[in-house]
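Student: I am attaching a structure below and will ask some questions about it afterwards.
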Amino acid sequence: MVRVVITGLGAVTHLGFGHESLAQGLMSVENRNAMRWISSEQQVELTGYRIDDSKLAEHLVPFKTRNMDRFAKINIAAVQLALEDASLNVDELEETGYIMNTTYGPWESTNRYTKELVESGPAFASPRLFPNTVVNSAQGHVSITFKMKGPTSTIAGLSAIPYAVSLLTKGEAERVIVAGADELNENIMEAYKELGSPVIFGEGVGVLILETFEHATRRGAQIYAEIGDYAIGSEPTMNLWFEGADATSLIYEELVSEISLNREKENLLVLSSTNGSQIVDRLEENVMQSLKHTYPKLEVFYPKHILGETFGASSVLSVISAIHLLNNHTEINEALLLNNEIGGNHIALIIKKWND
């Protein structure tokens, strides 16, 4: 059986640059106060967690970023942080795969281009701006910057982690960089606010370096954790995050029943998908009650209460959170990650503390 391990971590969030900043922020009550500002179009008050762009330039010094938009730049920064963490350089990446998940992609570029198109007409729309409006533009910039020629994809509405794991277990790659990224989208935030959603939004990029255990061992890599079993399911009829939606689905119970948790232990850490919506709370309630019967020392952590709803970045950022929480806990060896994506896709994923 092919074992898949995590050998590098990168994160760019409102908590700072690097996974260490994320780890420190997870434990700090001070970082749980979201920012407030007035939106540029509808002039309404928005609440969310924003990346501090003033510190972005220092993480991009070696790279040619003149033709990149903000979305590509935060992705480049996060990937570079993960590569440094994994002790990898560009010369070692030619055969490396890169799988990226995003929900809304380069919103800022898309919004600017669309406004020019509508307000001034096609003749005045910027041809230089258009390439950065494509949803996989950041993936292209990353692949070119780091000279990666392995399996490469941008996916939406589903965590990139299972896809990357499948490439590794099938022998189609020995190393895959997994990224999840989304930037704050004021238009979406305005729409959710108008519809009465209580969700607090965030932005960020999370990056994992995944390798087969054999490959990681050959190069003497440090190993953070091992990817365990996972299950994916869909409940597309659920209009999540709006309080009028039906939350009677048993989707999480079904997914958790399919994966091989260590049921001989009393302890289990669960990374919740709750993002401020009571609907998601109720969606998880049944599975939490069931898990408490099996794991009397169940501990639940809520990453999105600190990071906000980061959409495509949420599953990877939750994995990074799980790794730090496991390493700081002497009695728990497994974490169960729950996550939902727009479109109704859900994942239950096991992260195992590395004890070998």
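Simple scheme: letters A, B, ... for chains in structure tokens order, numbers from 1 for residues in each chain, numbers from 1 for ligands in the order shown.
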Please report, as JSON, numbers by chain, each residue of range 203-264 of chain A to which DSSP assigns strand (DSSP E or B) when run on this structure's backbone.
Tutor: {"A": [204, 205, 206, 207, 208, 209, 210, 211, 212, 225, 226, 227, 228, 229, 230, 231, 232, 233, 234]}
Student: DSSP on the backbone, then: every residue of range 33-195 of chain A marked helix (DSSP H, G or I), written as a PyMOL selection string.
Tutor: chain A and resi 53-55+57-59+70-85+90-92+107-120+122-124+130-133+137-145+160-169+186-194
Student: Could you list, as JSON, numbers by chain, every residue within 7 Å of Ala179 in chain A, counting only C-alpha atoms and ignoring same-chain residues fewer than 4 positions away?
Tutor: {"A": [99, 100, 101, 205, 206, 207, 208, 316]}
Student: At a cut-off of 8 Å, using only C-alpha atoms, what residues contact Asn333 in chain A? Leave out same-chain residues fewer than 5 positions from it and give the result as a ChimeraX atom specification.
Tutor: /A:268,326,352-353
Student: Show which residues sit within 7 Å of Phe311 in chain A, as a PDB file with C-alpha atoms, in the first residue's frame. Count only C-alpha atoms, and ignore same-chain residues fewer than 3 positions away.
Tutor:
ATOM      1  CA  THR A 103     -13.961  28.620  -5.640  1.00  0.00           C
ATOM      2  CA  ASP A 182      -9.431  32.275  -2.467  1.00  0.00           C
ATOM      3  CA  SER A 314     -10.476  25.937   3.771  1.00  0.00           C
ATOM      4  CA  GLU A 341     -17.709  23.161  -0.723  1.00  0.00           C
TER       5      GLU A 341
END
Student: Range 8-89 of chain A near range 216-219 of chain A within 12 Å: what's each residue's closest atom pair and its distance in Å to one decimal, counting only C-alpha atoms, ordered by chain then ascending residue number, as a tab-separated table?
Tutor:
residue	atom	partner	partner_atom	distance
A:Gly8	CA	A:Ala216	CA	10.7
A:Ala86	CA	A:Ala216	CA	10.0
A:Ser87	CA	A:Arg219	CA	10.0
A:Leu88	CA	A:Arg219	CA	10.0
Student: Which residue out of A:Pro62, A:Gly180, A:Gly276, A:Pro127 has the minimum interatomic distance to Gly204 in chain A when only C-alpha atoms are used?
Tutor: A:Gly180
Student: Might you pull out every residue within 10 Å of Leu60 in chain A, with only C-alpha atoms counted and same-chain residues fewer than 4 positions away left off, and present them as a PyMOL selection string?
Tutor: chain A and resi 55-56+64-65+73-74+76-77+80
Student: Do you know which residues are at most 12 Å from Ile155 in chain A counting only C-alpha atoms, after dropping those on the same chain fewer than 4 positions away, and could you put them as a count of residues only?
Tutor: 24
Student: Could you check which of A:Ala247, A:Met27, A:Met35, A:Ile323 is closest to Thr7 in chain A, using only C-alpha atoms?
Tutor: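 Checking each of A:Ala247, A:Met27, A:Met35, A:Ile323 against Thr7 in chain A, counting only C-alpha atoms, the winner is A:Ile323.
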